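Participant: I am attaching a structure below and will ask some questions about it afterwards.
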Amino acid sequence: MNGKTMLLRLNRGIHVFNHKESGFLWVLMRHKSSGGMRPKRKIYYRVDELDKVMELQKKPSLILKLINIIQSQKHKFISLRDLEKEVGFVQKWNFMAVIEKYSSIFYVDSGSCRRPYVRLTNKAEKIASEEHKVKSAMEPIVVKNLRKLLMLSVDCRVPLENIEFIASELGLPCDFKTSLIPEYPEFFSVKEVDGKAHLHLENWDSSLAISAREEGFGRGRDVSSCENRKRVRISKDGNFSGPFAFKMCFPPGFRPNMSYLEHLERWQKMDFPSPYLNARRFDAADPKARKRVVAVLHEFLSLTMEKRMRSTQLDAFHREFLLPSKLLLCLLKHQGIFYITNKGARSTVLLKEAYEGSVLSDKCPLLLHYDRFLSLCGRRDKNCNSPQVRF
């Protein structure tokens, strides 16, 4: 391994190496043969625009976190000394740099009897005052998505700690256990199972058992390119018109051969059970069941605000969704649907069809609310990728 190549991940016999200048990843997968375990090398192509998604969220994350801290104070301001107690001595300096740079959002003042404190500017306060409207608009969305999440699980229940682990990705408020769950006893209940609190689904709603992929097909999602090429037997971009097909977004530089496209066409046309059917009913080795797993992952990511999730968060739902033991291999295999980026502190899985370049195509009211804050510091919409920060 030379200086340009870096080990990114090791997971049950799968090694991923990043070659910094080539624009792709080498994926070494162990497979059995008569001579023992031998590495089989495959290429995983990087997408710079999707890697950029994680880079773009670094500064906004600090800005929105500081706004959240200020708004949580009784008098809507916080002294710089208390800020250090809130975030720690080292992190305080990052926030101080943000305060100094973005004077359009933060204002520092001090009085004769008061230590220096920071508050929001008048423009930022005006945006923050609409928080109640945003919460009202988000509530039906998060309740619906939380119900669908429970319907995806094999027992229609999920450990409460798992929900907390992905709460910001779902757009749930910090106090959802006391402010949201009790408000909907017809949908949710909290019960102990094996000594652990679980969130239970109280009733099944068949009208919700429709995946985002199916809804997209119903709207005629991006199948025109296939319909306009009736003389072409194989679609070179991997997209096919059909009720069981997934939207494919091949990475730049990926040039599939005819054999690959023929195999993909058979896979795209193959029917499979709904992700909302109980996984215990199917043989995990069945190709249709394996395609159903892809649909479960697709739907799970679709329920999040930004259509992305950290790898550790996906791993936390192995038991609830009966995900394959080699989850990383499944994601790598379907690089036209999912993208794994190692930019940032942790690896993140993105749903490729949800992004146009580095920008999320469809934003919920909460993300649009965050973008209004970021617009004050001169960030244009095309660069606004607001991270999840719970109010």
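Ordered as shown in the structure tokens, chains take letters A, B, and onward, while each chain numbers its residues from 1 and ligands are numbered from 1 in the order shown.
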Near region 92-94 of chain A, within 8 Å and counting only C-alpha atoms, which residues show up once chain neighbours fewer than 5 positions away are dropped, as a list in words?

Facilitator: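 Listing them by chain and then by number gives Leu62, Leu83, Glu84 and Val87 of chain A.
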
Participant: I need the residues from that last selection saved to file as a compact mmCIF listing (two decimals), in the first residue's frame (with C-alpha atoms), if you can.

Facilitator:
# COMPACT_ATOMS: atom_id res chain seq x y z
CA LEU A 62 -21.65 24.67 13.91
CA LEU A 83 -20.89 28.62 26.23
CA GLU A 84 -17.60 27.02 27.25
CA VAL A 87 -19.55 22.77 24.55

Participant: Find the residues of region 281-320 of chain A that sit at most 10 Å from region 212-215 of chain A; for each, write down the nearest two atoms and how far apart they are in Å, to one decimal. Count only C-alpha atoms. Sort by chain, then by number going up, and give it as CSV.

Facilitator:
residue,atom,partner,partner_atom,distance
A:Ala295,CA,A:Arg213,CA,8.0
A:His298,CA,A:Arg213,CA,7.8
A:Glu299,CA,A:Ala212,CA,6.3
A:Phe300,CA,A:Ala212,CA,9.6
A:Leu301,CA,A:Ala212,CA,9.8
A:Ser302,CA,A:Ala212,CA,6.6
A:Leu303,CA,A:Ala212,CA,8.5

Participant: Among region 324-376 of chain A, which residues carry a DSSP assignment of strand (DSSP E or B), reported as a ChimeraX atom specification?

Facilitator: /A:338-341,348-351,355-356,359-360

Participant: Based on the backbone DSSP call, show me all residues of region 175-344 of chain A assigned helix (DSSP H, G or I), as a PyMOL selection string.

Facilitator: chain A and resi 176-179+181-183+206-208+212-218+224-227+258-269+279-281+287-302+311-315+318-321+327-333

Participant: Residues as selected, C-alpha atoms, written as a PDB file, in the first residue's frame, can you do that?

Facilitator:
ATOM      1  CA  PHE A 176     -39.975  13.327  21.337  1.00  0.00           C
ATOM      2  CA  LYS A 177     -40.425  10.679  24.048  1.00  0.00           C
ATOM      3  CA  THR A 178     -42.464  13.085  26.160  1.00  0.00           C
ATOM      4  CA  SER A 179     -43.748  15.646  23.644  1.00  0.00           C
ATOM      5  CA  ILE A 181     -45.198   9.834  21.488  1.00  0.00           C
ATOM      6  CA  PRO A 182     -47.841  10.413  24.223  1.00  0.00           C
ATOM      7  CA  GLU A 183     -49.803  12.664  21.853  1.00  0.00           C
ATOM      8  CA  SER A 206     -52.153  -0.484   4.678  1.00  0.00           C
ATOM      9  CA  SER A 207     -52.268   2.930   2.993  1.00  0.00           C
ATOM     10  CA  LEU A 208     -48.789   3.627   4.425  1.00  0.00           C
ATOM     11  CA  ALA A 212     -41.014   5.738  -1.941  1.00  0.00           C
ATOM     12  CA  ARG A 213     -39.811   3.686  -4.917  1.00  0.00           C
ATOM     13  CA  GLU A 214     -43.403   2.671  -5.744  1.00  0.00           C
ATOM     14  CA  GLU A 215     -44.631   6.244  -5.354  1.00  0.00           C
ATOM     15  CA  GLY A 216     -41.879   7.400  -7.693  1.00  0.00           C
ATOM     16  CA  PHE A 217     -42.896   4.822 -10.300  1.00  0.00           C
ATOM     17  CA  GLY A 218     -46.507   5.975  -9.970  1.00  0.00           C
ATOM     18  CA  SER A 224     -39.004   8.594 -20.289  1.00  0.00           C
ATOM     19  CA  SER A 225     -35.412   7.961 -21.339  1.00  0.00           C
ATOM     20  CA  CYS A 226     -36.166   4.266 -21.519  1.00  0.00           C
ATOM     21  CA  GLU A 227     -39.477   4.746 -23.324  1.00  0.00           C
ATOM     22  CA  MET A 258     -23.057  -5.721 -22.256  1.00  0.00           C
ATOM     23  CA  SER A 259     -22.910  -8.710 -19.920  1.00  0.00           C
ATOM     24  CA  TYR A 260     -23.330  -6.456 -16.881  1.00  0.00           C
ATOM     25  CA  LEU A 261     -26.248  -4.590 -18.476  1.00  0.00           C
ATOM     26  CA  GLU A 262     -28.004  -7.836 -19.422  1.00  0.00           C
ATOM     27  CA  HIS A 263     -27.678  -9.088 -15.856  1.00  0.00           C
ATOM     28  CA  LEU A 264     -28.908  -5.730 -14.528  1.00  0.00           C
ATOM     29  CA  GLU A 265     -31.900  -5.785 -16.871  1.00  0.00           C
ATOM     30  CA  ARG A 266     -32.945  -9.199 -15.530  1.00  0.00           C
ATOM     31  CA  TRP A 267     -32.507  -7.941 -11.977  1.00  0.00           C
ATOM     32  CA  GLN A 268     -34.477  -4.752 -12.647  1.00  0.00           C
ATOM     33  CA  LYS A 269     -37.384  -6.681 -14.151  1.00  0.00           C
ATOM     34  CA  ALA A 279     -38.962 -10.659   6.318  1.00  0.00           C
ATOM     35  CA  ARG A 280     -39.372 -13.961   8.203  1.00  0.00           C
ATOM     36  CA  ARG A 281     -41.655 -15.194   5.433  1.00  0.00           C
ATOM     37  CA  PRO A 287     -32.726 -13.733  -5.225  1.00  0.00           C
ATOM     38  CA  LYS A 288     -36.126 -12.058  -4.785  1.00  0.00           C
ATOM     39  CA  ALA A 289     -35.556 -11.821  -1.038  1.00  0.00           C
ATOM     40  CA  ARG A 290     -32.117 -10.309  -1.643  1.00  0.00           C
ATOM     41  CA  LYS A 291     -33.663  -7.703  -3.919  1.00  0.00           C
ATOM     42  CA  ARG A 292     -36.221  -7.021  -1.192  1.00  0.00           C
ATOM     43  CA  VAL A 293     -33.324  -6.171   1.179  1.00  0.00           C
ATOM     44  CA  VAL A 294     -32.231  -3.480  -1.293  1.00  0.00           C
ATOM     45  CA  ALA A 295     -35.798  -2.159  -1.202  1.00  0.00           C
ATOM     46  CA  VAL A 296     -35.750  -2.094   2.618  1.00  0.00           C
ATOM     47  CA  LEU A 297     -32.506  -0.082   2.656  1.00  0.00           C
ATOM     48  CA  HIS A 298     -33.881   2.237  -0.034  1.00  0.00           C
ATOM     49  CA  GLU A 299     -37.062   2.828   1.960  1.00  0.00           C
ATOM     50  CA  PHE A 300     -35.206   3.276   5.247  1.00  0.00           C
ATOM     51  CA  LEU A 301     -33.023   6.019   3.758  1.00  0.00           C
ATOM     52  CA  SER A 302     -36.090   7.584   2.115  1.00  0.00           C
ATOM     53  CA  SER A 311     -23.119   3.311   8.522  1.00  0.00           C
ATOM     54  CA  THR A 312     -23.291   2.709  12.273  1.00  0.00           C
ATOM     55  CA  GLN A 313     -26.921   3.790  12.293  1.00  0.00           C
ATOM     56  CA  LEU A 314     -27.806   1.307   9.562  1.00  0.00           C
ATOM     57  CA  ASP A 315     -25.926  -1.411  11.459  1.00  0.00           C
ATOM     58  CA  HIS A 318     -29.802  -5.449  11.680  1.00  0.00           C
ATOM     59  CA  ARG A 319     -32.147  -7.361  13.965  1.00  0.00           C
ATOM     60  CA  GLU A 320     -35.243  -5.227  13.377  1.00  0.00           C
ATOM     61  CA  PHE A 321     -35.034  -5.442   9.568  1.00  0.00           C
ATOM     62  CA  LEU A 327     -24.387  -5.261   4.791  1.00  0.00           C
ATOM     63  CA  LEU A 328     -21.432  -3.309   3.413  1.00  0.00           C
ATOM     64  CA  LEU A 329     -21.057  -5.763   0.539  1.00  0.00           C
ATOM     65  CA  CYS A 330     -24.750  -5.307  -0.317  1.00  0.00           C
ATOM     66  CA  LEU A 331     -24.318  -1.527  -0.443  1.00  0.00           C
ATOM     67  CA  LEU A 332     -21.127  -1.748  -2.512  1.00  0.00           C
ATOM     68  CA  LYS A 333     -22.743  -4.133  -4.970  1.00  0.00           C
TER      69      LYS A 333
END

Participant: Find the residues near Trp204 (chain A): any atom within 12 Å, counting only C-alpha atoms, skip ones fewer than 2 places away on the same chain, and give them as a list in words.

Facilitator: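 After dropping sequence-adjacent residues, the list is Lys144, Arg147, Lys148, Leu149, Leu150, Met151, Leu152, Asp155, Cys156, Arg157, Glu186, Phe187, Phe188, His200, Leu201, Glu202, Ser206, Ser207, Leu208, Ala209, Tyr276 and Leu277 of chain A.
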